[in-house]
Every structure is written in structure tokens, then in C-alpha cells.
>>> print(open('structure-v2.cif').read())   # mmCIF, C-alpha atoms and all ligand atoms
data_work
loop_
_atom_site.group_PDB
_atom_site.id
_atom_site.type_symbol
_atom_site.label_atom_id
_atom_site.label_comp_id
_atom_site.auth_asym_id
_atom_site.auth_seq_id
_atom_site.Cartn_x
_atom_site.Cartn_y
_atom_site.Cartn_z
ATOM 1 C CA MET A 1 107.353 163.986 236.409
ATOM 2 C CA GLU A 2 110.262 165.880 237.980
ATOM 3 C CA SER A 3 111.060 165.501 241.646
ATOM 4 C CA ILE A 4 112.372 169.084 241.791
ATOM 5 C CA VAL A 5 111.452 171.045 244.943
ATOM 6 C CA PRO A 6 109.136 173.904 243.912
ATOM 7 C CA VAL A 7 110.527 177.410 244.430
ATOM 8 C CA SER A 8 108.043 180.296 244.565
ATOM 9 C CA ILE A 9 108.382 183.453 242.493
ATOM 10 C CA ASP A 10 108.079 185.191 245.903
ATOM 11 C CA LYS A 11 111.792 184.398 246.266
ATOM 12 C CA ALA A 12 112.679 186.565 243.249
ATOM 13 C CA LYS A 13 114.289 189.938 243.940
ATOM 14 C CA CYS A 14 114.299 191.383 240.420
ATOM 15 C CA VAL A 15 112.087 190.168 237.588
ATOM 16 C CA LEU A 16 112.533 191.090 233.927
ATOM 17 C CA VAL A 17 109.403 190.647 231.809
ATOM 18 C CA ILE A 18 110.162 190.709 228.077
ATOM 19 C CA GLY A 19 106.982 191.565 226.160
ATOM 20 C CA ALA A 20 105.425 193.549 229.007
ATOM 21 C CA THR A 21 103.813 196.370 227.021
ATOM 22 C CA SER A 22 100.476 194.569 226.597
ATOM 23 C CA GLY A 23 98.401 191.497 227.349
ATOM 24 C CA ILE A 24 99.717 188.659 229.485
ATOM 25 C CA GLY A 25 103.246 190.050 229.973
ATOM 26 C CA ARG A 26 101.959 193.438 231.136
ATOM 27 C CA ALA A 27 99.411 191.875 233.504
ATOM 28 C CA LEU A 28 102.025 189.546 235.035
ATOM 29 C CA ALA A 29 104.576 192.373 235.385
ATOM 30 C CA LEU A 30 102.040 194.474 237.315
ATOM 31 C CA ALA A 31 100.857 191.530 239.458
ATOM 32 C CA ILE A 32 104.452 190.570 240.338
ATOM 33 C CA SER A 33 105.258 194.172 241.275
ATOM 34 C CA GLU A 34 102.455 193.946 243.844
ATOM 35 C CA LEU A 35 103.750 190.798 245.567
ATOM 36 C CA PRO A 36 104.395 191.164 249.314
ATOM 37 C CA SER A 37 108.094 190.463 248.573
ATOM 38 C CA CYS A 38 108.195 193.775 246.568
ATOM 39 C CA PRO A 39 110.557 192.654 243.799
ATOM 40 C CA THR A 40 111.948 195.149 241.317
ATOM 41 C CA VAL A 41 110.127 194.579 238.026
ATOM 42 C CA ILE A 42 111.654 195.582 234.693
ATOM 43 C CA ALA A 43 109.155 195.784 231.834
ATOM 44 C CA ALA A 44 110.623 195.385 228.340
ATOM 45 C CA GLY A 45 109.170 195.852 224.873
ATOM 46 C CA ARG A 46 109.298 198.114 221.850
ATOM 47 C CA ARG A 47 106.415 200.545 222.374
ATOM 48 C CA GLN A 48 107.730 203.586 224.232
ATOM 49 C CA ASP A 49 104.318 205.056 225.122
ATOM 50 C CA ARG A 50 103.393 201.788 226.847
ATOM 51 C CA LEU A 51 106.719 201.714 228.686
ATOM 52 C CA LYS A 52 106.145 205.280 229.909
ATOM 53 C CA GLU A 53 102.750 204.261 231.256
ATOM 54 C CA LEU A 54 104.416 201.402 233.195
ATOM 55 C CA GLU A 55 107.115 203.753 234.501
ATOM 56 C CA ALA A 56 104.309 205.833 235.993
ATOM 57 C CA LYS A 57 103.262 202.680 237.871
ATOM 58 C CA ASN A 58 106.779 202.457 239.364
ATOM 59 C CA LEU A 59 108.097 199.709 237.122
ATOM 60 C CA GLU A 60 111.576 199.937 235.676
ATOM 61 C CA THR A 61 111.564 199.806 231.887
ATOM 62 C CA LEU A 62 113.753 198.729 228.998
ATOM 63 C CA GLU A 63 113.145 199.537 225.360
ATOM 64 C CA LEU A 64 113.921 196.257 223.614
ATOM 65 C CA ASP A 65 113.301 194.684 220.230
ATOM 66 C CA VAL A 66 114.055 190.970 220.539
ATOM 67 C CA THR A 67 114.863 190.802 216.813
ATOM 68 C CA THR A 68 117.859 193.116 217.280
ATOM 69 C CA ASP A 69 121.116 191.533 216.074
ATOM 70 C CA LEU A 70 122.697 189.074 218.517
ATOM 71 C CA GLU A 71 125.708 191.266 219.315
ATOM 72 C CA THR A 72 123.509 194.213 220.364
ATOM 73 C CA LEU A 73 121.187 191.887 222.259
ATOM 74 C CA THR A 74 124.158 190.446 224.195
ATOM 75 C CA GLU A 75 125.372 193.965 225.042
ATOM 76 C CA THR A 76 121.870 194.882 226.229
ATOM 77 C CA VAL A 77 121.666 191.825 228.485
ATOM 78 C CA ASP A 78 125.184 192.416 229.858
ATOM 79 C CA SER A 79 124.448 196.060 230.722
ATOM 80 C CA LEU A 80 121.118 195.084 232.277
ATOM 81 C CA VAL A 81 122.843 192.553 234.545
ATOM 82 C CA ALA A 82 125.507 195.160 235.414
ATOM 83 C CA LYS A 83 122.762 197.669 236.325
ATOM 84 C CA TYR A 84 120.624 195.108 238.198
ATOM 85 C CA PRO A 85 123.039 192.498 239.653
ATOM 86 C CA GLN A 86 120.156 191.127 241.735
ATOM 87 C CA LEU A 87 118.209 190.237 238.528
ATOM 88 C CA ASP A 88 117.122 186.661 239.161
ATOM 89 C CA ALA A 89 114.050 186.014 237.003
ATOM 90 C CA VAL A 90 113.208 186.387 233.331
ATOM 91 C CA ILE A 91 109.705 185.925 231.956
ATOM 92 C CA LEU A 92 109.771 185.596 228.161
ATOM 93 C CA ALA A 93 106.350 186.821 227.051
ATOM 94 C CA SER A 94 107.191 188.414 223.695
ATOM 95 C CA GLY A 95 105.313 186.712 220.899
ATOM 96 C CA ILE A 96 103.560 187.245 217.585
ATOM 97 C CA GLN A 97 101.001 185.250 215.640
ATOM 98 C CA TYR A 98 100.061 185.117 211.949
ATOM 99 C CA GLN A 99 97.614 182.998 209.989
ATOM 100 C CA HIS A 100 99.072 181.179 206.967
ATOM 101 C CA ASP A 101 97.217 179.197 204.324
ATOM 102 C CA PHE A 102 99.665 176.833 202.655
ATOM 103 C CA THR A 103 97.063 175.953 199.980
ATOM 104 C CA LYS A 104 97.534 179.541 198.785
ATOM 105 C CA ASP A 105 100.435 182.002 198.629
ATOM 106 C CA VAL A 106 102.396 182.118 201.866
ATOM 107 C CA ASP A 107 104.479 185.108 202.952
ATOM 108 C CA LEU A 108 107.712 183.376 203.930
ATOM 109 C CA ASN A 109 109.026 186.574 205.520
ATOM 110 C CA LEU A 110 106.223 186.323 208.073
ATOM 111 C CA VAL A 111 106.874 182.594 208.580
ATOM 112 C CA VAL A 112 110.532 183.294 209.354
ATOM 113 C CA LYS A 113 109.739 186.321 211.556
ATOM 114 C CA GLU A 114 107.249 184.284 213.599
ATOM 115 C CA ILE A 115 109.811 181.532 214.245
ATOM 116 C CA TYR A 116 112.457 184.145 215.043
ATOM 117 C CA VAL A 117 110.413 186.114 217.596
ATOM 118 C CA ASN A 118 108.657 183.135 219.197
ATOM 119 C CA TYR A 119 111.543 180.671 219.297
ATOM 120 C CA LEU A 120 115.023 181.774 218.208
ATOM 121 C CA ALA A 121 114.988 185.132 220.006
ATOM 122 C CA VAL A 122 113.674 183.494 223.200
ATOM 123 C CA VAL A 123 116.344 180.776 223.107
ATOM 124 C CA SER A 124 119.033 183.414 222.398
ATOM 125 C CA LEU A 125 117.893 185.601 225.293
ATOM 126 C CA ILE A 126 117.785 182.647 227.678
ATOM 127 C CA SER A 127 121.328 181.667 226.739
ATOM 128 C CA MET A 128 122.521 185.236 227.380
ATOM 129 C CA PHE A 129 121.271 185.169 231.012
ATOM 130 C CA ILE A 130 122.646 181.743 231.908
ATOM 131 C CA SER A 131 126.154 182.689 233.023
ATOM 132 C CA HIS A 132 124.668 185.279 235.421
ATOM 133 C CA PHE A 133 122.129 182.776 236.780
ATOM 134 C CA LEU A 134 124.837 180.126 237.215
ATOM 135 C CA LYS A 135 126.832 182.611 239.320
ATOM 136 C CA LEU A 136 123.760 183.185 241.516
ATOM 137 C CA SER A 137 123.317 179.415 241.718
ATOM 138 C CA ALA A 138 126.939 178.933 242.837
ATOM 139 C CA ASP A 139 126.200 181.412 245.665
ATOM 140 C CA GLY A 140 123.224 179.280 246.680
ATOM 141 C CA LEU A 141 120.672 181.745 245.258
ATOM 142 C CA PRO A 142 117.638 180.687 243.199
ATOM 143 C CA SER A 143 116.781 182.117 239.805
ATOM 144 C CA PHE A 144 113.929 181.628 237.349
ATOM 145 C CA ILE A 145 113.696 181.156 233.583
ATOM 146 C CA ILE A 146 110.027 181.364 232.580
ATOM 147 C CA PRO A 147 109.147 181.044 228.886
ATOM 148 C CA ILE A 148 105.525 181.496 227.823
ATOM 149 C CA THR A 149 104.564 178.749 225.390
ATOM 150 C CA SER A 150 100.939 177.967 224.454
ATOM 151 C CA GLY A 151 98.281 175.270 224.542
ATOM 152 C CA LEU A 152 98.772 175.348 220.749
ATOM 153 C CA GLY A 153 102.271 173.980 221.346
ATOM 154 C CA LEU A 154 100.551 170.813 222.593
ATOM 155 C CA MET A 155 97.699 170.614 220.092
ATOM 156 C CA PRO A 156 98.142 172.784 216.970
ATOM 157 C CA ALA A 157 95.538 175.040 215.376
ATOM 158 C CA PRO A 158 95.818 174.557 211.570
ATOM 159 C CA GLN A 159 95.106 178.214 210.718
ATOM 160 C CA VAL A 160 98.097 179.288 212.850
ATOM 161 C CA LEU A 161 100.244 176.254 212.018
ATOM 162 C CA ASN A 162 103.609 178.017 212.101
ATOM 163 C CA TYR A 163 102.798 179.766 215.405
ATOM 164 C CA SER A 164 101.763 176.380 216.854
ATOM 165 C CA ALA A 165 105.040 174.848 215.619
ATOM 166 C CA SER A 166 107.078 177.707 217.120
ATOM 167 C CA LYS A 167 105.434 177.097 220.504
ATOM 168 C CA ALA A 168 105.900 173.314 220.240
ATOM 169 C CA ALA A 169 109.604 173.974 219.624
ATOM 170 C CA LEU A 170 109.776 176.267 222.660
ATOM 171 C CA ARG A 171 107.966 173.670 224.807
ATOM 172 C CA SER A 172 110.442 170.983 223.766
ATOM 173 C CA PHE A 173 113.434 173.244 224.416
ATOM 174 C CA THR A 174 112.051 174.287 227.825
ATOM 175 C CA THR A 175 111.481 170.668 228.862
ATOM 176 C CA SER A 176 115.081 169.716 228.086
ATOM 177 C CA LEU A 177 116.449 172.922 229.621
ATOM 178 C CA ARG A 178 114.747 172.055 232.920
ATOM 179 C CA LYS A 179 116.501 168.693 232.838
ATOM 180 C CA GLN A 180 119.905 170.283 232.098
ATOM 181 C CA PHE A 181 119.555 172.620 235.112
ATOM 182 C CA GLU A 182 118.073 170.144 237.573
ATOM 183 C CA SER A 183 121.212 170.053 239.725
ATOM 184 C CA THR A 184 121.417 173.884 239.915
ATOM 185 C CA ASN A 185 119.323 176.543 241.646
ATOM 186 C CA ILE A 186 117.964 177.667 238.272
ATOM 187 C CA ASN A 187 114.232 176.979 238.120
ATOM 188 C CA VAL A 188 112.721 176.514 234.668
ATOM 189 C CA MET A 189 108.975 177.122 234.755
ATOM 190 C CA GLU A 190 106.711 176.984 231.698
ATOM 191 C CA ILE A 191 103.606 179.143 231.401
ATOM 192 C CA ILE A 192 101.116 177.489 229.036
ATOM 193 C CA PRO A 193 98.208 179.857 228.300
ATOM 194 C CA PRO A 194 94.923 178.972 226.613
ATOM 195 C CA LEU A 195 93.182 181.587 224.438
ATOM 196 C CA VAL A 196 93.416 184.720 226.605
ATOM 197 C CA GLU A 197 92.211 188.306 226.160
ATOM 198 C CA SER A 198 95.140 190.264 224.665
ATOM 199 C CA GLU A 199 96.319 192.145 221.576
ATOM 200 C CA LEU A 200 97.919 189.034 220.029
ATOM 201 C CA HIS A 201 95.222 188.568 217.408
ATOM 202 C CA ASP A 202 94.653 192.240 216.512
ATOM 203 C CA GLU A 203 96.743 192.153 213.311
ATOM 204 C CA GLN A 204 94.705 189.183 212.041
ATOM 205 C CA GLY A 205 91.398 191.042 212.504
ATOM 206 C CA ILE A 206 89.874 188.172 214.503
ATOM 207 C CA THR A 207 89.950 189.736 217.972
ATOM 208 C CA GLU A 208 86.196 190.388 218.097
ATOM 209 C CA ARG A 209 85.342 186.775 217.209
ATOM 210 C CA LEU A 210 87.861 185.348 219.688
ATOM 211 C CA SER A 211 86.646 187.635 222.459
ATOM 212 C CA LYS A 212 83.539 185.402 222.681
ATOM 213 C CA PHE A 213 85.725 182.460 223.780
ATOM 214 C CA TRP A 214 88.848 183.800 225.407
ATOM 215 C CA MET A 215 89.658 183.719 229.107
ATOM 216 C CA PRO A 216 89.439 187.225 230.596
ATOM 217 C CA LEU A 217 92.913 188.575 231.345
ATOM 218 C CA ASP A 218 92.174 189.232 235.050
ATOM 219 C CA GLU A 219 91.016 185.652 235.639
ATOM 220 C CA TYR A 220 93.990 184.281 233.699
ATOM 221 C CA THR A 221 96.476 186.445 235.601
ATOM 222 C CA ARG A 222 95.078 185.341 238.989
ATOM 223 C CA LYS A 223 95.394 181.671 238.026
ATOM 224 C CA THR A 224 98.918 182.072 236.621
ATOM 225 C CA MET A 225 100.111 184.025 239.666
ATOM 226 C CA GLU A 226 98.876 181.147 241.862
ATOM 227 C CA GLY A 227 101.085 178.741 239.887
ATOM 228 C CA LEU A 228 104.087 181.087 239.968
ATOM 229 C CA ARG A 229 103.706 181.555 243.710
ATOM 230 C CA LYS A 230 103.423 177.791 244.285
ATOM 231 C CA GLY A 231 106.549 177.267 242.192
ATOM 232 C CA ASP A 232 104.817 174.963 239.703
ATOM 233 C CA SER A 233 107.049 173.777 236.866
ATOM 234 C CA HIS A 234 104.111 173.895 234.410
ATOM 235 C CA ILE A 235 101.476 176.596 234.750
ATOM 236 C CA ALA A 236 98.563 175.898 232.435
ATOM 237 C CA ALA A 237 94.996 177.224 232.544
ATOM 238 C CA GLY A 238 91.634 176.599 230.880
ATOM 239 C CA MET A 239 91.724 174.465 227.742
ATOM 240 C CA ALA A 240 95.542 174.452 227.812
ATOM 241 C CA GLU A 241 95.381 172.825 231.256
ATOM 242 C CA THR A 242 92.949 170.163 229.994
ATOM 243 C CA VAL A 243 95.162 169.367 227.002
ATOM 244 C CA TYR A 244 98.341 169.513 229.108
ATOM 245 C CA LYS A 245 96.935 166.954 231.555
ATOM 246 C CA ARG A 246 96.049 164.671 228.651
ATOM 247 C CA PHE A 247 99.546 164.890 227.126
ATOM 248 C CA GLU A 248 101.517 165.230 230.360
ATOM 249 C CA ALA A 249 103.666 162.196 229.519
ATOM 250 C CA LEU A 250 105.173 164.229 226.666
ATOM 251 C CA ASP A 251 107.169 166.119 229.271
ATOM 252 C CA GLN A 252 109.349 163.060 229.723
ATOM 253 C CA VAL A 253 112.830 163.202 228.243
ATOM 254 C CA TYR A 254 115.382 160.609 227.190
ATOM 255 C CA PRO A 255 117.934 160.023 229.961
ATOM 256 C CA MET A 256 121.076 162.192 229.801
ATOM 257 C CA ASN A 257 124.433 160.351 229.654
HETATM 258 N N1 LIG B 301 96.648 185.603 224.249
HETATM 259 C C1 LIG B 301 96.598 184.320 223.942
HETATM 260 O O1 LIG B 301 95.558 183.792 223.578
HETATM 261 C C2 LIG B 301 97.835 183.473 224.082
HETATM 262 C C3 LIG B 301 97.677 182.080 224.134
HETATM 263 C C4 LIG B 301 98.810 181.289 224.268
HETATM 264 C C5 LIG B 301 100.069 181.872 224.361
HETATM 265 N N2 LIG B 301 100.189 183.234 224.294
HETATM 266 C C6 LIG B 301 101.539 183.797 224.383
HETATM 267 O O2 LIG B 301 101.586 184.721 225.459
HETATM 268 C C7 LIG B 301 102.614 185.675 225.207
HETATM 269 C C8 LIG B 301 102.030 187.067 225.402
HETATM 270 O O3 LIG B 301 101.119 187.333 224.336
HETATM 271 P P1 LIG B 301 99.788 188.202 224.519
HETATM 272 O O4 LIG B 301 98.668 187.318 224.224
HETATM 273 O O5 LIG B 301 99.817 188.938 225.790
HETATM 274 O O6 LIG B 301 99.930 189.168 223.236
HETATM 275 P P2 LIG B 301 100.145 190.739 223.107
HETATM 276 O O7 LIG B 301 99.174 191.487 223.915
HETATM 277 O O8 LIG B 301 100.168 190.968 221.631
HETATM 278 O O9 LIG B 301 101.618 190.960 223.716
HETATM 279 C C9 LIG B 301 102.764 190.568 223.009
HETATM 280 C C10 LIG B 301 103.969 191.247 223.627
HETATM 281 O O10 LIG B 301 105.102 190.841 222.854
HETATM 282 C C11 LIG B 301 105.893 191.981 222.606
HETATM 283 N N3 LIG B 301 106.659 191.816 221.372
HETATM 284 C C12 LIG B 301 106.235 191.424 220.144
HETATM 285 N N4 LIG B 301 107.250 191.490 219.256
HETATM 286 C C13 LIG B 301 108.336 191.940 219.949
HETATM 287 C C14 LIG B 301 109.669 192.246 219.596
HETATM 288 N N5 LIG B 301 110.122 192.115 218.336
HETATM 289 N N6 LIG B 301 110.516 192.689 220.558
HETATM 290 C C15 LIG B 301 110.088 192.848 221.832
HETATM 291 N N7 LIG B 301 108.831 192.586 222.233
HETATM 292 C C16 LIG B 301 107.963 192.145 221.299
HETATM 293 C C17 LIG B 301 104.883 193.131 222.482
HETATM 294 O O11 LIG B 301 105.532 194.355 222.794
HETATM 295 P P3 LIG B 301 105.909 195.518 221.740
HETATM 296 O O12 LIG B 301 104.947 195.416 220.591
HETATM 297 O O13 LIG B 301 105.799 196.789 222.526
HETATM 298 O O14 LIG B 301 107.319 195.222 221.370
HETATM 299 C C18 LIG B 301 103.900 192.754 223.582
HETATM 300 O O15 LIG B 301 104.333 193.278 224.816
HETATM 301 C C19 LIG B 301 103.089 185.422 223.767
HETATM 302 O O16 LIG B 301 104.263 184.655 223.800
HETATM 303 C C20 LIG B 301 101.958 184.595 223.168
HETATM 304 O O17 LIG B 301 102.405 183.785 222.122
HETATM 305 C C21 LIG B 301 99.108 184.049 224.174
#
>>> encode(input="structure-v2.cif", output="C-alpha cells")
Amino acid sequence: MESIVPVSIDKAKCVLVIGATSGIGRALALAISELPSCPTVIAAGRRQDRLKELEAKNLETLELDVTTDLETLTETVDSLVAKYPQLDAVILASGIQYQHDFTKDVDLNLVVKEIYVNYLAVVSLISMFISHFLKLSADGLPSFIIPITSGLGLMPAPQVLNYSASKAALRSFTTSLRKQFESTNINVMEIIPPLVESELHDEQGITERLSKFWMPLDEYTRKTMEGLRKGDSHIAAGMAETVYKRFEALDQVYPMN
């Protein structure tokens, strides 16, 4: 376990939520905008109608496709930081999920896309914010990198094996990233959701079945906001919390030289 002093999201002045047009990202963006600290919240995603709806709720918005080429993505991040120099928190909520059956034909384009959106794009985006966050850190200011992984990153679900693997990769990366930044003011927090009410499963046509088991979004958001406000390094809920507690030792890392 880390001995890092917890820093609350209440300290954040400007929070970017990538993947804020629906589900967990949208709910967290709205809940954070209502914190007593009144941070600026920037909601990012592809769907313009959803962004307009969030603008009407006084959120700032950014039309963003995380699969855009790396050069354009870097330019987008640089202009965002120039426009919002106080930006000090990024929640990486964008994600997609597909079912694959490797005993049958597998669409490798979807396999690659899933890894790209859920892992490579998140890692790329994080790396693009680091120089800005290190500058804040040098001025004694805290910042927050908050990827959303999944309970399936701890214990995989065979029908969504590639999704589970993408989240396991992101969990591993996040764990090491926290270690790399432990002597800075950059706080790496991991949100680990269980099955939660959202649009994630709509494309697979299994939303109705899952709705019998999932955690309602309001309940999930309340619980996650508690963890963010306490400054917890790992914010799990429901079944993901149970599994996380069982496998907690996996958050250990080899010593750095
Ligand atoms: N719900 C669950 O049961 C559950 C469980 C564990 C983990 N999670 C994780 O929680 C996070 C939020 O998912 P959710 O459940 O809230 O699903 P959701 O309602 O489907 O939301 C996914 C978000 O990702 C954005 N997104 C997808 N592809 C994108 C792209 N190429 N560029 C930019 N944004 C993109 C979507 O926005 P646009 O379509 O507008 O771009 C949307 O805002 C995901 O990382 C998911 O893996 C969810």
C-alpha cells in the first residue's frame, strides 16, 4: 500500500472529463461541477448534441475523438492547456466494449479499436498532459490523473475478453504511473467501476439483461464522489470493490532503481 497523503478532488480548479457525453463520465462531470469548490468542468466527447446539452448546464465542452491521430490530439491538448492554464485534473472515462468469440470468426478491426480506445488513447492523452502537470507540481500545486479502469481488469469476463485485457493493461499502467509520480504533486487515482447503468452495452444488445444486475448510476456516482473527495488512490464500488479487496496485493510494484 502507498503511504501517499490523500488529496481531495475538492482541490481541483479545472477538471477535464474525457468521455462525458453519457454514463459514468457525464454523471461525474455534473457531480464535480456541483462541488462547493466550484471547479470549471470541461466535458469532452464526440456527440455534439450531448455536448450542447451539457453546455446548457454551464459546463465547458470540447468535441474530441480520442482516436484522432496523435499529432492532432497533441495540438488539441496544447490548445486546451493554453485556454485553461488552471486545468489540473483529467478523468479518462472514454471507453468501448465488444463481445468476441474466439471459437468463431473474430473481427480483428474491433479487437484493435477496443485496445486503442481503452488503452493506447488513454495512455497517449495522459502523456500529453504530463509536462503541464509537472509545471503545476514545481509551483507546489496538486494535479490529478484519474483513469477509469474496471472490475473486469481484475477478474476478466470471458465474453468480453479483449475489453477485460484492455482494462487490465490500464490498471497495470496506472499502478506504475502512481509510483513514478510519488515524489511529485501529481495524484494518480484509479476509478474501478463494477457493472453500472450506462450506454456501454447498448451496441451489444444486452443492456436490458444487464439492467437487472447493474448498480444504478446515481448510487454509483455518490459512492465514487465520496472516494474522489477523500482523495482515495483506488475508488472501487460493488462487486469491483469486493474483488479489488481480494486482489489488493496486486497493486504492489517491483522497486524502482
Ligand atoms: N458501465 C459499466 O458497467 C462499466 C464498468 C466498468 C468500467 N466502465 C468504464 O467506465 C467508463 C465509462 O463508460 P460508461 O459505462 O459510462 O459507458 P458509456 O455510457 O457508453 O460512455 C462512454 C463514453 O466514452 C466516450 N467515447 C467512446 N469512444 C470515444 C472516442 N473515440 N472518443 C471520445 N470519446 C469516446 C463516449 O462519448 P461519445 O460517444 O460522445 O464520443 C461516452 O461519453 C468506460 O471507460 C468504461 O469502460 C464501465
>>> residues_around(input="structure-v2.cif", residues="region 182-199 of chain A", least_positions_apart="5", cutoff="6 Å", atoms="all atoms listed in the file", output="list in words")
Gly23, Ser137, Pro142, Ser143, Phe144, Ile145, Ile146, Pro147, Ile148, Thr149, Ser150, Gly151, Trp214, Met215, Pro216, Leu217, Ser233, His234, Ile235, Ala236, Ala237, Gly238, Met239 and Ala240 of chain A
>>> atom_distance(input="structure-v2.cif", atom1="CA of Leu136 (chain A)", atom2="CA of Ile32 (chain A)")
20.7 Å
>>> resolve_selection(input="structure-v2.cif", expression="the PyMOL selection byres (((chain A and resi 101-116) around 9) and not hetatm)", output="ChimeraX atom specification")
/A:66-67,95-100,117-122,158-163,165-167
>>> closest_residue(input="structure-v2.cif", among="A:Asp218, A:Asp78, A:Glu226, A:Glu63", to="ligand LIG 301 (chain B)", atoms="all atoms listed in the file")
A:Glu63
>>> atom_distance(input="structure-v2.cif", atom1="CA of Ser79 (chain A)", atom2="atom O6 of ligand LIG 301 (chain B)")
26.5 Å
>>> residues_around(input="structure-v2.cif", residues="region 24-31 of chain A", least_positions_apart="2", cutoff="7 Å", atoms="only C-alpha atoms", output="ChimeraX atom specification")
/A:17,19-22,33-35,41,43,93,198,221
>>> closest_residue(input="structure-v2.cif", among="A:Leu177, A:Ala44, A:Leu54, A:Val7", to="ligand LIG 301 (chain B)", atoms="all atoms listed in the file")
A:Ala44
>>> resolve_selection(input="structure-v2.cif", expression="the PyMOL selection byres (((chain A and resi 131) around 12) and not hetatm)", output="PyMOL selection string")
chain A and resi 74+77-78+81+88+125-130+132-138+143+186
>>> atom_distance(input="structure-v2.cif", atom1="atom C5 of ligand LIG 301 (chain B)", atom2="CA of Leu152 (chain A)")
7.6 Å
>>> resolve_selection(input="structure-v2.cif", expression="the PyMOL selection byres (((chain A and resi 229) around 10) and not hetatm)", output="ChimeraX atom specification")
/A:6-11,32,35,224-228,230-232
>>> closest_residue(input="structure-v2.cif", among="A:Val90, A:Leu200, A:Val5, A:Ala82", to="ligand LIG 301 (chain B)", atoms="only C-alpha atoms and all ligand atoms")
A:Leu200
>>> closest_residue(input="structure-v2.cif", among="A:Gln86, A:Asp139, A:Asn257, A:Leu154", to="Lys179 (chain A)", atoms="only C-alpha atoms")
A:Asn257
>>> axis_aligned_box(input="structure-v2.cif", around="region 242-248 of chain A", padding_each_side="4 Å", output="AutoDock Vina command-line options")
--center_x 97.2 --center_y 167.4 --center_z 229.3 --size_x 16.6 --size_y 13.5 --size_z 12.6
>>> build_atoms(input="structure-v2.cif", residues="region 39-46 of chain A", atoms="all heavy atoms", output="JSON list (two decimals), in the frame of the given file")
[["chain", "number", "residue", "atom", "x", "y", "z"],
["A", 39, "PRO", "N", 109.40, 192.74, 244.70],
["A", 39, "PRO", "CA", 110.56, 192.65, 243.80],
["A", 39, "PRO", "C", 110.62, 193.87, 242.88],
["A", 39, "PRO", "O", 109.60, 194.50, 242.60],
["A", 39, "PRO", "CB", 110.28, 191.39, 242.98],
["A", 39, "PRO", "CG", 108.79, 191.26, 242.99],
["A", 39, "PRO", "CD", 108.31, 191.82, 244.30],
["A", 40, "THR", "N", 111.82, 194.18, 242.40],
["A", 40, "THR", "CA", 111.95, 195.15, 241.32],
["A", 40, "THR", "C", 111.42, 194.46, 240.07],
["A", 40, "THR", "O", 111.74, 193.30, 239.83],
["A", 40, "THR", "CB", 113.44, 195.49, 241.11],
["A", 40, "THR", "OG1", 113.95, 195.99, 242.34],
["A", 40, "THR", "CG2", 113.63, 196.52, 240.00],
["A", 41, "VAL", "N", 110.61, 195.16, 239.29],
["A", 41, "VAL", "CA", 110.13, 194.58, 238.03],
["A", 41, "VAL", "C", 110.57, 195.47, 236.87],
["A", 41, "VAL", "O", 110.35, 196.69, 236.89],
["A", 41, "VAL", "CB", 108.59, 194.41, 238.03],
["A", 41, "VAL", "CG1", 108.11, 193.89, 236.67],
["A", 41, "VAL", "CG2", 108.16, 193.45, 239.13],
["A", 42, "ILE", "N", 111.21, 194.86, 235.90],
["A", 42, "ILE", "CA", 111.65, 195.58, 234.69],
["A", 42, "ILE", "C", 110.77, 195.14, 233.53],
["A", 42, "ILE", "O", 110.73, 193.95, 233.19],
["A", 42, "ILE", "CB", 113.13, 195.27, 234.36],
["A", 42, "ILE", "CG1", 114.02, 195.44, 235.59],
["A", 42, "ILE", "CG2", 113.61, 196.15, 233.21],
["A", 42, "ILE", "CD1", 115.37, 194.74, 235.47],
["A", 43, "ALA", "N", 110.05, 196.08, 232.96],
["A", 43, "ALA", "CA", 109.16, 195.78, 231.83],
["A", 43, "ALA", "C", 109.87, 196.12, 230.53],
["A", 43, "ALA", "O", 110.36, 197.24, 230.36],
["A", 43, "ALA", "CB", 107.88, 196.61, 231.95],
["A", 44, "ALA", "N", 109.92, 195.16, 229.61],
["A", 44, "ALA", "CA", 110.62, 195.38, 228.34],
["A", 44, "ALA", "C", 109.69, 195.18, 227.15],
["A", 44, "ALA", "O", 108.78, 194.35, 227.19],
["A", 44, "ALA", "CB", 111.81, 194.43, 228.24],
["A", 45, "GLY", "N", 109.94, 195.95, 226.11],
["A", 45, "GLY", "CA", 109.17, 195.85, 224.87],
["A", 45, "GLY", "C", 109.56, 196.99, 223.97],
["A", 45, "GLY", "O", 110.44, 197.80, 224.31],
["A", 46, "ARG", "N", 108.91, 197.07, 222.81],
["A", 46, "ARG", "CA", 109.30, 198.11, 221.85],
["A", 46, "ARG", "C", 108.54, 199.42, 222.04],
["A", 46, "ARG", "O", 109.08, 200.49, 221.82],
["A", 46, "ARG", "CB", 109.06, 197.61, 220.42],
["A", 46, "ARG", "CG", 110.01, 196.52, 219.97],
["A", 46, "ARG", "CD", 109.52, 195.88, 218.70],
["A", 46, "ARG", "NE", 108.16, 195.34, 218.88],
["A", 46, "ARG", "CZ", 107.42, 194.81, 217.93],
["A", 46, "ARG", "NH1", 107.89, 194.76, 216.70],
["A", 46, "ARG", "NH2", 106.23, 194.33, 218.19]]
